[in-house]
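One file, entry_30.cif, carrying mmCIF, C-alpha atoms:
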data_entry
#
loop_
_atom_site.label_atom_id
_atom_site.label_comp_id
_atom_site.auth_asym_id
_atom_site.auth_seq_id
_atom_site.Cartn_x
_atom_site.Cartn_y
_atom_site.Cartn_z
CA MET A 1 -14.23 39.31 60.58
CA GLU A 2 -17.22 40.31 62.68
CA PHE A 3 -18.81 41.96 59.64
CA ALA A 4 -18.58 38.72 57.63
CA ARG A 5 -20.09 36.74 60.50
CA SER A 6 -23.02 39.14 60.91
CA ALA A 7 -23.59 39.21 57.12
CA LEU A 8 -23.69 35.39 56.99
CA ARG A 9 -26.02 35.24 59.99
CA ASN A 10 -28.32 37.84 58.42
CA PHE A 11 -28.32 35.95 55.10
CA HIS A 12 -29.10 32.68 56.89
CA GLN A 13 -32.03 34.23 58.78
CA LYS A 14 -33.52 35.75 55.62
CA HIS A 15 -33.07 32.47 53.75
CA GLU A 16 -34.87 30.56 56.51
CA ARG A 17 -37.76 33.06 56.38
CA VAL A 18 -38.08 32.61 52.59
CA LYS A 19 -38.01 28.81 52.94
CA HIS A 20 -40.67 28.94 55.65
CA THR A 21 -42.91 31.16 53.49
CA VAL A 22 -42.51 28.97 50.41
CA HIS A 23 -43.23 25.75 52.30
CA THR A 24 -46.21 27.03 54.32
CA ALA A 25 -47.99 30.08 52.85
CA TRP A 26 -47.53 29.24 49.15
CA ARG A 27 -48.18 25.54 49.50
CA TYR A 28 -50.99 24.18 47.34
CA PRO A 29 -52.01 20.51 47.60
CA LEU A 30 -51.58 18.73 44.27
CA PRO A 31 -53.78 15.91 42.98
CA PRO A 32 -52.08 12.57 42.24
CA TRP A 33 -51.51 13.44 38.57
CA GLY A 34 -49.94 16.75 39.63
CA ARG A 35 -47.55 14.99 41.98
CA PHE A 36 -46.60 12.63 39.13
CA VAL A 37 -45.94 15.55 36.76
CA MET A 38 -43.85 17.36 39.37
CA GLY A 39 -41.90 14.17 40.06
CA CYS A 40 -41.16 13.85 36.34
CA ILE A 41 -40.03 17.47 36.19
CA TYR A 42 -37.82 17.12 39.29
CA PHE A 43 -36.32 13.94 37.82
CA SER A 44 -35.72 15.36 34.34
CA ILE A 45 -33.97 18.59 35.37
CA PRO A 46 -30.70 16.93 36.53
CA VAL A 47 -30.83 14.47 33.63
CA VAL A 48 -31.14 17.21 31.01
CA GLY A 49 -28.61 19.37 32.85
CA GLY A 50 -26.15 16.50 33.06
CA TYR A 51 -26.58 15.77 29.36
CA ALA A 52 -25.88 19.42 28.52
CA VAL A 53 -22.76 19.42 30.71
CA MET A 54 -21.51 16.21 29.07
CA GLN A 55 -22.04 17.66 25.57
CA TRP A 56 -20.12 20.78 26.60
CA ALA A 57 -17.27 18.63 28.00
CA ILE A 58 -17.14 16.55 24.81
CA SER A 59 -16.91 19.67 22.65
CA LYS A 60 -14.09 21.05 24.83
CA SER A 61 -12.27 17.71 24.58
CA TRP A 62 -12.58 17.73 20.78
CA GLU A 63 -11.24 21.30 20.70
CA SER A 64 -8.15 20.38 22.68
CA ILE A 65 -7.25 16.89 21.40
CA GLY A 66 -9.35 16.45 18.27
CA GLU A 67 -12.25 14.10 17.68
CA ARG A 68 -9.98 11.07 17.33
CA GLY A 69 -6.87 12.40 19.08
CA GLU A 70 -5.29 13.85 15.95
CA LYS A 71 -4.11 16.99 17.81
CA LEU A 72 -2.17 14.97 20.40
CA ARG A 73 1.60 15.42 20.38
CA LEU A 74 2.16 11.78 21.38
CA LYS A 75 -0.34 9.21 20.18
CA SER A 76 0.62 6.51 22.68
CA VAL A 77 -0.06 6.35 26.39
CA GLU A 78 2.56 8.05 28.55
CA GLY A 79 3.17 6.08 31.70
CA ARG A 80 1.18 2.96 32.30
CA GLY A 81 -0.63 1.86 35.43
CA ASP A 82 0.78 3.32 38.60
CA VAL A 83 4.00 4.83 37.18
CA ALA A 84 4.11 8.27 35.56
CA THR A 85 7.04 9.71 33.63
CA LEU A 86 7.81 13.24 34.75
CA GLU A 87 9.15 16.07 32.55
CA ASP A 88 12.71 15.50 33.74
CA GLY A 89 12.53 11.86 32.57
CA THR A 90 12.25 10.22 35.98
CA ASP A 91 9.55 7.68 36.77
CA ARG A 92 7.34 8.21 39.82
CA LYS A 93 4.85 5.86 41.45
CA ILE A 94 1.37 7.32 41.83
CA GLY A 95 -1.77 6.05 43.52
CA ALA A 96 -1.91 3.88 46.63
CA GLY A 97 0.86 3.96 49.17
CA GLY A 98 0.90 7.62 50.20
CA PHE A 99 -0.74 9.34 53.14
CA GLY A 100 -4.07 7.60 53.75
CA MET A 101 -3.02 4.88 51.30
CA GLY A 102 -4.69 6.58 48.26
CA VAL A 103 -6.45 4.77 45.45
CA HIS A 104 -5.24 1.57 43.79
CA LEU A 105 -4.97 2.30 40.07
CA ALA A 106 -5.61 -0.22 37.32
CA GLN A 107 -2.41 -1.38 35.72
CA SER A 108 -1.92 -2.69 32.20
CA SER A 109 1.18 -3.51 30.25
CA ALA A 110 1.92 -2.45 26.68
CA GLU A 111 0.89 -5.94 25.52
CA ASP A 112 -2.48 -5.65 27.30
CA GLN A 113 -3.10 -2.27 25.71
CA GLU A 114 -2.18 -3.55 22.24
CA ARG A 115 -4.45 -6.59 22.65
CA ASN A 116 -7.31 -4.35 23.81
CA ARG A 117 -6.75 -2.04 20.84
CA GLN A 118 -6.89 -4.96 18.40
CA MET A 119 -10.07 -6.35 20.00
CA LEU A 120 -11.68 -2.92 19.84
CA GLU A 121 -10.76 -2.57 16.15
CA ARG A 122 -12.31 -5.99 15.44
CA PHE A 123 -15.48 -4.94 17.26
CA PHE A 124 -15.72 -1.69 15.30
CA LYS A 125 -15.15 -3.55 12.02
CA LYS A 126 -17.98 -5.99 12.81
CA GLU A 127 -20.23 -3.12 13.85
CA ARG A 128 -19.53 -1.23 10.58
CA ARG A 129 -20.37 -4.38 8.58
CA ARG A 130 -23.58 -4.92 10.56
CA ARG A 131 -24.72 -1.33 10.08
CA LYS A 132 -23.84 -1.38 6.37
CA LYS A 133 -25.82 -4.60 5.98
CA MET A 134 -28.83 -3.03 7.74
CA VAL A 135 -28.67 0.03 5.47
CA ASP A 136 -28.32 -2.13 2.34
CA GLU A 137 -31.29 -4.30 3.37
CA GLY A 138 -33.35 -1.18 4.02
CA LYS A 139 -32.59 0.19 0.54
CA GLU A 140 -33.44 -3.13 -1.14
CA GLY A 141 -36.75 -3.38 0.69
CA SER A 142 -37.82 0.15 -0.18
CA SER A 143 -36.88 -0.06 -3.90
CA GLY A 144 -38.85 -3.26 -4.60
CA ASP A 145 -41.91 -3.27 -6.88
CA MET A 146 -45.29 -3.34 -5.20
CA THR A 147 -47.69 -5.26 -7.48
#
Can the structure in the file be given as structure tokens, please?
Amino acid sequence: MEFARSALRNFHQKHERVKHTVHTAWRYPLPPWGRFVMGCIYFSIPVVGGYAVMQWAISKSWESIGERGEKLRLKSVEGRGDVATLEDGTDRKIGAGGFGMGVHLAQSSAEDQERNRQMLERFFKKERRRRKKMVDEGKEGSSGDMT
């Protein structure tokens, strides 16, 4: 135990020395445009990193359940709202009410889910029509005679 403590203390001291050197001896004052460029770089690193992580997570999701859920064993939602069905067939309340009161989960009935599914299908249908119309208009405009 004492070895771990001394190793952590030694690491902390060396880390503090490196930080001090970087922030004092290697410091170079930047002009305003340099500060702007560095701000853009510091801003873009987590954005690009987050995008890469999200793309990785999407690909893993598609591997496990398919792009549209075609690999799922059950296509419907198991357990709705704050009740989950366990493997032995019993229902168990989840979410708020436990130690520390937990989180209140959103609840929706089967009718709500069906209505939401229908509205989403209508939206996608309208969106497909709109995009098809835009593509068709683009083709007509580009194939016209220029006299």
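Interatomic distance, CA of Lys71 in chain A to CA of Ser59 in chain A: 13.9 Å.
You will find CA of Gly39 in chain A at 16.1 Å from CA of Arg27 in chain A.
When CA of Glu70 in chain A is paired with CA of Ile58 in chain A, their separation reads 15.0 Å.
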